[in-house]
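S.K.: Provided below: final_32.cif, containing mmCIF, N, CA and C atoms and all ligand atoms.
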```cif
data_work
#
loop_
_atom_site.label_atom_id
_atom_site.label_comp_id
_atom_site.auth_asym_id
_atom_site.auth_seq_id
_atom_site.Cartn_x
_atom_site.Cartn_y
_atom_site.Cartn_z
N MET Y 215 -49.71 23.82 -19.03
CA MET Y 215 -48.49 24.34 -18.37
C MET Y 215 -48.16 23.50 -17.14
N LYS Y 216 -49.18 23.38 -16.33
CA LYS Y 216 -48.99 22.59 -15.11
C LYS Y 216 -48.64 21.14 -15.46
N LYS Y 217 -49.32 20.69 -16.52
CA LYS Y 217 -49.15 19.30 -16.92
C LYS Y 217 -47.72 19.05 -17.40
N SER Y 218 -47.23 20.05 -18.18
CA SER Y 218 -45.89 19.83 -18.74
C SER Y 218 -44.83 19.87 -17.63
N ILE Y 219 -45.06 20.72 -16.64
CA ILE Y 219 -44.12 20.77 -15.51
C ILE Y 219 -44.15 19.43 -14.77
N PHE Y 220 -45.38 18.98 -14.57
CA PHE Y 220 -45.54 17.69 -13.91
C PHE Y 220 -44.84 16.58 -14.69
N LEU Y 221 -45.02 16.67 -16.02
CA LEU Y 221 -44.42 15.65 -16.87
C LEU Y 221 -42.89 15.68 -16.79
N SER Y 222 -42.36 16.91 -16.89
CA SER Y 222 -40.89 16.99 -16.85
C SER Y 222 -40.38 16.57 -15.48
N PHE Y 223 -41.18 16.90 -14.47
CA PHE Y 223 -40.82 16.46 -13.12
C PHE Y 223 -40.77 14.93 -13.03
N MET Y 224 -41.86 14.34 -13.57
CA MET Y 224 -41.92 12.89 -13.57
C MET Y 224 -40.78 12.30 -14.38
N LEU Y 225 -40.55 12.96 -15.53
CA LEU Y 225 -39.51 12.47 -16.43
C LEU Y 225 -38.15 12.47 -15.72
N SER Y 226 -37.90 13.58 -15.01
CA SER Y 226 -36.60 13.66 -14.33
C SER Y 226 -36.51 12.59 -13.23
N ILE Y 227 -37.63 12.34 -12.57
CA ILE Y 227 -37.62 11.30 -11.54
C ILE Y 227 -37.35 9.94 -12.16
N ILE Y 228 -38.05 9.73 -13.30
CA ILE Y 228 -37.87 8.44 -13.98
C ILE Y 228 -36.43 8.28 -14.46
N LEU Y 229 -35.93 9.39 -15.06
CA LEU Y 229 -34.56 9.33 -15.57
C LEU Y 229 -33.58 9.09 -14.43
N GLU Y 230 -33.82 9.84 -13.35
CA GLU Y 230 -32.94 9.69 -12.20
C GLU Y 230 -33.00 8.26 -11.67
N GLY Y 231 -34.27 7.77 -11.60
CA GLY Y 231 -34.46 6.41 -11.12
C GLY Y 231 -33.74 5.42 -12.02
N CYS Y 232 -33.85 5.65 -13.33
CA CYS Y 232 -33.19 4.76 -14.28
C CYS Y 232 -31.69 4.83 -14.11
N MET Y 233 -31.19 6.06 -13.98
CA MET Y 233 -29.74 6.20 -13.83
C MET Y 233 -29.26 5.53 -12.56
N MET Y 234 -30.05 5.76 -11.50
CA MET Y 234 -29.65 5.15 -10.24
C MET Y 234 -29.72 3.63 -10.33
N LEU Y 235 -30.82 3.19 -10.96
CA LEU Y 235 -30.96 1.74 -11.13
C LEU Y 235 -29.82 1.21 -11.99
N GLY Y 236 -29.60 1.95 -13.10
CA GLY Y 236 -28.54 1.52 -14.00
C GLY Y 236 -27.21 1.51 -13.30
N MET Y 237 -26.93 2.58 -12.59
CA MET Y 237 -25.65 2.65 -11.88
C MET Y 237 -25.58 1.58 -10.81
N GLY Y 238 -26.75 1.46 -10.12
CA GLY Y 238 -26.77 0.44 -9.07
C GLY Y 238 -26.54 -0.93 -9.67
N GLY Y 239 -27.25 -1.16 -10.78
CA GLY Y 239 -27.08 -2.46 -11.42
C GLY Y 239 -25.67 -2.65 -11.90
N MET Y 240 -25.15 -1.60 -12.54
CA MET Y 240 -23.78 -1.72 -13.03
C MET Y 240 -22.80 -1.83 -11.88
N GLY Y 241 -23.07 -1.00 -10.86
CA GLY Y 241 -22.19 -1.06 -9.69
C GLY Y 241 -22.20 -2.46 -9.10
N GLY Y 242 -23.41 -2.99 -9.00
CA GLY Y 242 -23.52 -4.34 -8.46
C GLY Y 242 -22.77 -5.33 -9.33
N MET Y 243 -22.97 -5.16 -10.63
CA MET Y 243 -22.28 -6.07 -11.54
C MET Y 243 -20.78 -5.90 -11.44
N ASN Y 244 -20.38 -4.63 -11.45
CA ASN Y 244 -18.94 -4.37 -11.35
C ASN Y 244 -18.39 -4.91 -10.04
N HIS Y 245 -19.19 -4.70 -9.02
CA HIS Y 245 -18.74 -5.16 -7.71
C HIS Y 245 -18.51 -6.66 -7.75
N ASN Y 246 -19.55 -7.35 -8.25
CA ASN Y 246 -19.42 -8.80 -8.35
C ASN Y 246 -18.27 -9.18 -9.27
N HIS Y 247 -18.23 -8.44 -10.37
CA HIS Y 247 -17.20 -8.75 -11.35
C HIS Y 247 -15.82 -8.54 -10.74
N ASP Y 248 -15.67 -7.39 -10.08
CA ASP Y 248 -14.38 -7.11 -9.44
C ASP Y 248 -14.03 -8.19 -8.44
N HIS Y 249 -15.06 -8.58 -7.68
CA HIS Y 249 -14.81 -9.63 -6.71
C HIS Y 249 -14.33 -10.89 -7.40
N GLY Y 250 -15.09 -11.23 -8.46
CA GLY Y 250 -14.73 -12.44 -9.19
C GLY Y 250 -13.36 -12.31 -9.83
N ALA Y 251 -13.10 -11.12 -10.35
CA ALA Y 251 -11.83 -10.93 -11.04
C ALA Y 251 -10.70 -10.74 -10.05
N MET Y 252 -11.02 -10.05 -8.95
CA MET Y 252 -9.97 -9.75 -7.99
C MET Y 252 -9.54 -10.98 -7.21
N ASN Y 253 -10.52 -11.79 -6.85
CA ASN Y 253 -10.17 -12.94 -6.03
C ASN Y 253 -9.19 -13.88 -6.71
N PRO Y 254 -9.50 -14.28 -7.94
CA PRO Y 254 -8.52 -15.14 -8.61
C PRO Y 254 -7.19 -14.41 -8.80
N GLU Y 255 -7.28 -13.09 -9.06
CA GLU Y 255 -6.05 -12.33 -9.22
C GLU Y 255 -5.24 -12.36 -7.94
N LYS Y 256 -5.96 -12.07 -6.86
CA LYS Y 256 -5.29 -12.07 -5.57
C LYS Y 256 -4.71 -13.44 -5.27
N GLN Y 257 -5.54 -14.44 -5.56
CA GLN Y 257 -5.09 -15.79 -5.30
C GLN Y 257 -3.93 -16.16 -6.21
N SER Y 258 -4.05 -15.72 -7.47
CA SER Y 258 -3.01 -16.12 -8.41
C SER Y 258 -1.69 -15.44 -8.05
N ALA Y 259 -1.80 -14.21 -7.52
CA ALA Y 259 -0.58 -13.56 -7.08
C ALA Y 259 0.04 -14.35 -5.95
N ASP Y 260 -0.82 -14.88 -5.12
CA ASP Y 260 -0.38 -15.65 -3.98
C ASP Y 260 -0.15 -17.12 -4.35
N SER Y 261 -1.10 -17.63 -5.11
CA SER Y 261 -1.11 -19.07 -5.30
C SER Y 261 -0.76 -19.47 -6.72
N ASN Y 262 -0.14 -18.55 -7.47
CA ASN Y 262 0.28 -19.00 -8.80
C ASN Y 262 1.47 -19.94 -8.71
N ILE Y 263 1.98 -20.13 -7.51
CA ILE Y 263 3.03 -21.13 -7.34
C ILE Y 263 2.43 -22.45 -6.88
N VAL Y 264 1.09 -22.44 -6.66
CA VAL Y 264 0.41 -23.69 -6.36
C VAL Y 264 0.08 -24.34 -7.70
N ARG Y 265 0.79 -25.37 -8.00
CA ARG Y 265 0.65 -26.00 -9.31
C ARG Y 265 -0.47 -27.02 -9.30
N THR Y 266 -1.16 -27.05 -10.41
CA THR Y 266 -2.21 -28.05 -10.54
C THR Y 266 -2.01 -28.80 -11.85
N GLY Y 267 -2.56 -29.95 -11.90
CA GLY Y 267 -2.47 -30.75 -13.11
C GLY Y 267 -1.05 -31.24 -13.33
N ALA Y 268 -0.70 -31.40 -14.60
CA ALA Y 268 0.65 -31.85 -14.93
C ALA Y 268 1.62 -30.72 -14.67
N ILE Y 269 2.55 -30.95 -13.78
CA ILE Y 269 3.47 -29.90 -13.39
C ILE Y 269 4.71 -29.95 -14.27
N ASP Y 270 4.94 -28.86 -14.97
CA ASP Y 270 6.09 -28.77 -15.86
C ASP Y 270 7.22 -28.06 -15.13
N LEU Y 271 8.05 -28.87 -14.48
CA LEU Y 271 9.10 -28.29 -13.64
C LEU Y 271 10.07 -27.44 -14.46
N ILE Y 272 10.34 -27.87 -15.67
CA ILE Y 272 11.30 -27.14 -16.50
C ILE Y 272 10.78 -25.74 -16.80
N SER Y 273 9.48 -25.63 -17.01
CA SER Y 273 8.92 -24.31 -17.29
C SER Y 273 8.88 -23.47 -16.02
N ILE Y 274 8.81 -24.13 -14.87
CA ILE Y 274 8.83 -23.38 -13.61
C ILE Y 274 10.23 -22.83 -13.36
N ASP Y 275 11.23 -23.60 -13.74
CA ASP Y 275 12.62 -23.18 -13.54
C ASP Y 275 13.00 -22.18 -14.63
N LYS Y 276 12.52 -20.97 -14.43
CA LYS Y 276 12.68 -19.96 -15.48
C LYS Y 276 14.12 -19.52 -15.65
N ASN Y 277 14.87 -19.51 -14.55
CA ASN Y 277 16.26 -19.06 -14.68
C ASN Y 277 17.21 -20.21 -15.02
N ASN Y 278 16.64 -21.39 -15.24
CA ASN Y 278 17.40 -22.54 -15.73
C ASN Y 278 18.61 -22.89 -14.86
N ASP Y 279 18.47 -22.72 -13.56
CA ASP Y 279 19.59 -23.11 -12.70
C ASP Y 279 19.42 -24.55 -12.21
N GLY Y 280 18.40 -25.20 -12.69
CA GLY Y 280 18.19 -26.60 -12.34
C GLY Y 280 17.59 -26.77 -10.95
N LYS Y 281 17.22 -25.65 -10.37
CA LYS Y 281 16.67 -25.73 -9.01
C LYS Y 281 15.37 -24.94 -8.92
N VAL Y 282 14.49 -25.42 -8.07
CA VAL Y 282 13.24 -24.71 -7.80
C VAL Y 282 13.01 -24.74 -6.30
N PHE Y 283 12.08 -23.94 -5.88
CA PHE Y 283 11.74 -23.93 -4.45
C PHE Y 283 10.41 -24.66 -4.28
N GLN Y 284 10.45 -25.67 -3.43
CA GLN Y 284 9.29 -26.53 -3.29
C GLN Y 284 8.89 -26.63 -1.82
N ASP Y 285 7.61 -26.59 -1.60
CA ASP Y 285 7.11 -26.76 -0.24
C ASP Y 285 7.25 -28.23 0.14
N GLN Y 286 7.66 -28.44 1.35
CA GLN Y 286 7.89 -29.81 1.80
C GLN Y 286 6.62 -30.44 2.39
N MET Y 287 5.56 -29.71 2.36
CA MET Y 287 4.28 -30.29 2.79
C MET Y 287 3.31 -30.36 1.63
N ASP Y 288 3.26 -29.27 0.88
CA ASP Y 288 2.41 -29.24 -0.31
C ASP Y 288 3.35 -29.30 -1.51
N TRP Y 289 3.55 -30.50 -1.98
CA TRP Y 289 4.58 -30.72 -3.00
C TRP Y 289 4.26 -30.00 -4.30
N ASN Y 290 3.00 -29.69 -4.49
CA ASN Y 290 2.63 -29.02 -5.74
C ASN Y 290 2.86 -27.51 -5.66
N VAL Y 291 3.35 -27.05 -4.52
CA VAL Y 291 3.69 -25.63 -4.40
C VAL Y 291 5.16 -25.46 -4.77
N ILE Y 292 5.37 -24.99 -5.97
CA ILE Y 292 6.73 -24.89 -6.50
C ILE Y 292 6.92 -23.51 -7.12
N SER Y 293 8.04 -22.91 -6.78
CA SER Y 293 8.34 -21.59 -7.33
C SER Y 293 9.79 -21.56 -7.78
N ASP Y 294 10.08 -20.67 -8.68
CA ASP Y 294 11.48 -20.53 -9.09
C ASP Y 294 12.22 -19.58 -8.16
N ALA Y 295 11.47 -18.92 -7.30
CA ALA Y 295 12.08 -17.97 -6.38
C ALA Y 295 11.76 -18.38 -4.95
N PRO Y 296 12.65 -18.05 -4.03
CA PRO Y 296 12.36 -18.38 -2.63
C PRO Y 296 11.10 -17.66 -2.15
N GLY Y 297 10.43 -18.31 -1.24
CA GLY Y 297 9.20 -17.70 -0.73
C GLY Y 297 8.54 -18.63 0.26
N ASN Y 298 7.31 -18.32 0.53
CA ASN Y 298 6.56 -19.13 1.48
C ASN Y 298 5.36 -19.76 0.78
N CYS Y 299 4.98 -20.91 1.30
CA CYS Y 299 3.82 -21.59 0.76
C CYS Y 299 2.56 -20.80 1.11
N PRO Y 300 1.74 -20.46 0.12
CA PRO Y 300 0.51 -19.72 0.42
C PRO Y 300 -0.49 -20.56 1.20
N LEU Y 301 -0.28 -21.86 1.21
CA LEU Y 301 -1.24 -22.74 1.88
C LEU Y 301 -0.88 -22.94 3.35
N CYS Y 302 0.37 -23.28 3.61
CA CYS Y 302 0.74 -23.59 5.00
C CYS Y 302 1.79 -22.63 5.54
N LYS Y 303 2.18 -21.64 4.72
CA LYS Y 303 3.12 -20.58 5.14
C LYS Y 303 4.52 -21.09 5.44
N MET Y 304 4.77 -22.33 5.10
CA MET Y 304 6.11 -22.86 5.31
C MET Y 304 7.07 -22.24 4.28
N THR Y 305 8.32 -22.13 4.68
CA THR Y 305 9.33 -21.62 3.75
C THR Y 305 9.61 -22.69 2.71
N LEU Y 306 9.63 -22.27 1.47
CA LEU Y 306 9.89 -23.21 0.40
C LEU Y 306 11.36 -23.62 0.44
N LYS Y 307 11.57 -24.90 0.14
CA LYS Y 307 12.92 -25.42 0.20
C LYS Y 307 13.49 -25.51 -1.21
N GLU Y 308 14.75 -25.11 -1.33
CA GLU Y 308 15.38 -25.18 -2.64
C GLU Y 308 15.77 -26.62 -2.93
N VAL Y 309 15.26 -27.11 -4.03
CA VAL Y 309 15.56 -28.49 -4.43
C VAL Y 309 15.90 -28.50 -5.91
N THR Y 310 16.57 -29.56 -6.30
CA THR Y 310 16.85 -29.70 -7.73
C THR Y 310 15.56 -30.11 -8.44
N LEU Y 311 15.55 -29.91 -9.73
CA LEU Y 311 14.37 -30.31 -10.50
C LEU Y 311 14.09 -31.79 -10.30
N GLU Y 312 15.17 -32.55 -10.23
CA GLU Y 312 15.03 -33.99 -10.06
C GLU Y 312 14.36 -34.33 -8.74
N THR Y 313 14.84 -33.67 -7.68
CA THR Y 313 14.27 -33.91 -6.36
C THR Y 313 12.81 -33.49 -6.33
N ALA Y 314 12.55 -32.34 -6.93
CA ALA Y 314 11.18 -31.85 -6.96
C ALA Y 314 10.28 -32.84 -7.67
N LYS Y 315 10.78 -33.36 -8.77
CA LYS Y 315 10.00 -34.32 -9.55
C LYS Y 315 9.78 -35.60 -8.75
N LYS Y 316 10.84 -36.04 -8.09
CA LYS Y 316 10.74 -37.26 -7.28
C LYS Y 316 9.73 -37.06 -6.16
N ASN Y 317 9.82 -35.89 -5.51
CA ASN Y 317 8.86 -35.57 -4.45
C ASN Y 317 7.43 -35.63 -4.97
N LEU Y 318 7.26 -35.05 -6.15
CA LEU Y 318 5.93 -35.02 -6.74
C LEU Y 318 5.43 -36.43 -7.03
N LEU Y 319 6.31 -37.21 -7.62
CA LEU Y 319 5.91 -38.57 -7.98
C LEU Y 319 5.60 -39.37 -6.72
N ASP Y 320 6.48 -39.23 -5.74
CA ASP Y 320 6.25 -39.93 -4.47
C ASP Y 320 4.92 -39.51 -3.87
N HIS Y 321 4.72 -38.20 -3.87
CA HIS Y 321 3.52 -37.65 -3.26
C HIS Y 321 2.28 -38.12 -4.01
N ASN Y 322 2.36 -38.01 -5.34
CA ASN Y 322 1.18 -38.37 -6.14
C ASN Y 322 0.86 -39.85 -5.99
N SER Y 323 1.91 -40.65 -6.02
CA SER Y 323 1.64 -42.09 -5.93
C SER Y 323 1.11 -42.45 -4.56
N LYS Y 324 1.50 -41.63 -3.58
CA LYS Y 324 1.01 -41.88 -2.23
C LYS Y 324 -0.46 -41.51 -2.09
N THR Y 325 -0.79 -40.34 -2.65
CA THR Y 325 -2.13 -39.82 -2.40
C THR Y 325 -3.15 -40.29 -3.44
N LYS Y 326 -2.67 -40.62 -4.64
CA LYS Y 326 -3.65 -40.97 -5.69
C LYS Y 326 -3.62 -42.45 -6.03
ZN ZN Y 401 2.47 -25.72 2.15
#
```
What would you get if you wrote out this structure as C-alpha cells?
Ligand SMILES: [Zn+2]

M.R.:
Amino acid sequence: MKKSIFLSFMLSIILEGCMMLGMGGMGGMNHNHDHGAMNPEKQSADSNIVRTGAIDLISIDKNNDGKVFQDQMDWNVISDAPGNCPLCKMTLKEVTLETAKKNLLDHNSKTK
C-alpha cells in the first residue's frame, strides 16, 4: 500500500517533470523558432524593399506606372510605394524605372 502510493507519487513527479521538461523544451524551441521566424518576418516587412541579387524593376513596379521609389543612398532599396528606407530612414525618391536601373548600374559598377 505504502509502496504503491510512493510509486504513484514518484510517477506523478516524473510525469510532471517530463511535462515540464517537454514544455520547457518545446517552449524553448518555439521561442527560438519564433525568434527565427519572427525576425526575418519583421525584417521582411521592413526590408522587403531592400533588394538583393538581380533586381527585377519591372516586377517591383506592380502598378505598372513606370515609376518606383528608390533610396538615393541605398540604391537597392526600391519600392513601388512611397516610404522610407529601412536602412538609413531616408525618404524614397520617385524615379522612373529607367532612372532606377541607371542608378543601380552606376552604383553596382562603382562598388563592384
Ligand atoms: Zn537608405

S.K.: Per residue of chain Y within 6 Å of ligand ZN 401 (chain Y), note the shortest atom pair and the distance in Å to one decimal, counting all atoms listed in the file, and order the rows by chain and increasing residue number, as a Markdown table.

M.R.:
```
| residue | atom | partner | partner_atom | distance |
| --- | --- | --- | --- | --- |
| Y:Asp285 | CA | Y:ZN401 | ZN | 5.3 |
| Y:Gln286 | N | Y:ZN401 | ZN | 5.9 |
| Y:Met287 | C | Y:ZN401 | ZN | 4.7 |
| Y:Asp288 | N | Y:ZN401 | ZN | 3.9 |
| Y:Cys299 | CA | Y:ZN401 | ZN | 4.6 |
| Y:Pro300 | N | Y:ZN401 | ZN | 5.7 |
| Y:Leu301 | C | Y:ZN401 | ZN | 4.5 |
| Y:Cys302 | N | Y:ZN401 | ZN | 3.5 |
| Y:Lys303 | N | Y:ZN401 | ZN | 4.8 |
| Y:Met304 | N | Y:ZN401 | ZN | 5.0 |
```

S.K.: For the residues in that selection, give me N, CA and C atoms as a PDB file, in the frame of the given file.

M.R.:
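What landed in selection_20.pdb:
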```pdb
ATOM      1  N   ASP Y 285       7.610 -26.590  -1.600  1.00  0.00           N
ATOM      2  CA  ASP Y 285       7.110 -26.760  -0.240  1.00  0.00           C
ATOM      3  C   ASP Y 285       7.250 -28.230   0.140  1.00  0.00           C
ATOM      4  N   GLN Y 286       7.660 -28.440   1.350  1.00  0.00           N
ATOM      5  CA  GLN Y 286       7.890 -29.810   1.800  1.00  0.00           C
ATOM      6  C   GLN Y 286       6.620 -30.440   2.390  1.00  0.00           C
ATOM      7  N   MET Y 287       5.560 -29.710   2.360  1.00  0.00           N
ATOM      8  CA  MET Y 287       4.280 -30.290   2.790  1.00  0.00           C
ATOM      9  C   MET Y 287       3.310 -30.360   1.630  1.00  0.00           C
ATOM     10  N   ASP Y 288       3.260 -29.270   0.880  1.00  0.00           N
ATOM     11  CA  ASP Y 288       2.410 -29.240  -0.310  1.00  0.00           C
ATOM     12  C   ASP Y 288       3.350 -29.300  -1.510  1.00  0.00           C
ATOM     13  N   CYS Y 299       4.980 -20.910   1.300  1.00  0.00           N
ATOM     14  CA  CYS Y 299       3.820 -21.590   0.760  1.00  0.00           C
ATOM     15  C   CYS Y 299       2.560 -20.800   1.110  1.00  0.00           C
ATOM     16  N   PRO Y 300       1.740 -20.460   0.120  1.00  0.00           N
ATOM     17  CA  PRO Y 300       0.510 -19.720   0.420  1.00  0.00           C
ATOM     18  C   PRO Y 300      -0.490 -20.560   1.200  1.00  0.00           C
ATOM     19  N   LEU Y 301      -0.280 -21.860   1.210  1.00  0.00           N
ATOM     20  CA  LEU Y 301      -1.240 -22.740   1.880  1.00  0.00           C
ATOM     21  C   LEU Y 301      -0.880 -22.940   3.350  1.00  0.00           C
ATOM     22  N   CYS Y 302       0.370 -23.280   3.610  1.00  0.00           N
ATOM     23  CA  CYS Y 302       0.740 -23.590   5.000  1.00  0.00           C
ATOM     24  C   CYS Y 302       1.790 -22.630   5.540  1.00  0.00           C
ATOM     25  N   LYS Y 303       2.180 -21.640   4.720  1.00  0.00           N
ATOM     26  CA  LYS Y 303       3.120 -20.580   5.140  1.00  0.00           C
ATOM     27  C   LYS Y 303       4.520 -21.090   5.440  1.00  0.00           C
ATOM     28  N   MET Y 304       4.770 -22.330   5.100  1.00  0.00           N
ATOM     29  CA  MET Y 304       6.110 -22.860   5.310  1.00  0.00           C
ATOM     30  C   MET Y 304       7.070 -22.240   4.280  1.00  0.00           C
TER      31      MET Y 304
END
```

S.K.: Between atom CA of Val282 of chain Y and atom CA of Ala295 of chain Y, what is the spacing in Å?

M.R.: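 Rounded to one decimal, the two atoms are 7.0 Å apart.
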
S.K.: Would you please work out which residue, of Y:Asp294, Y:Trp289, Y:Leu229, Y:Ser261, is nearest to Ser273 of chain Y when using all atoms listed in the file?

M.R.: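 With all atoms listed in the file as the atom set, the closest residue is Y:Asp294.
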
S.K.: Could you check the closest approach to Ile292 of chain Y for each of Y:Ile269, Y:Leu319, Y:Leu225, Y:Val264 and tell me which residue wins, using all atoms listed in the file?

M.R.: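 Among the listed residues, Y:Val264 lies closest to Ile292 of chain Y.
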
S.K.: Using atom N of Lys281 of chain Y and atom CA of Gly297 of chain Y as the two end points, give the distance in Å to one decimal.

M.R.: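 For atom N of Lys281 of chain Y relative to atom CA of Gly297 of chain Y, the distance reads 14.8 Å.
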
S.K.: Just to confirm, what's the straight-line distance from atom N of Lys217 of chain Y to atom C of Met233 of chain Y in Å (one decimal)?

M.R.: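 Going from atom N of Lys217 of chain Y over to atom C of Met233 of chain Y, I get 25.5 Å.
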
S.K.: Determine which residues of segment 252-315 of chain Y receive a DSSP assignment of alpha helix (DSSP H), computed from the backbone, and state them as number ranges by chain.

M.R.: Y: 252-261, 271-274, 311-315

S.K.: Have a look at Y:Ile219, Y:Glu230, Y:Asn277, Y:Asn290 and name the one nearest to Asn262 of chain Y; count only C-alpha atoms.

M.R.: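 The answer is Y:Asn290, which sits nearest to Asn262 of chain Y.
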
S.K.: Edge lengths and centre, in Å to one decimal, as JSON: that's what I need for the box along x, y and z that holds all listed atoms of segment 317-320 of chain Y plus 8 Å on each side.

M.R.:
```
{"center_x": 7.4, "center_y": -37.5, "center_z": -5.9, "size_x": 20.9, "size_y": 20.9, "size_z": 20.1}
```
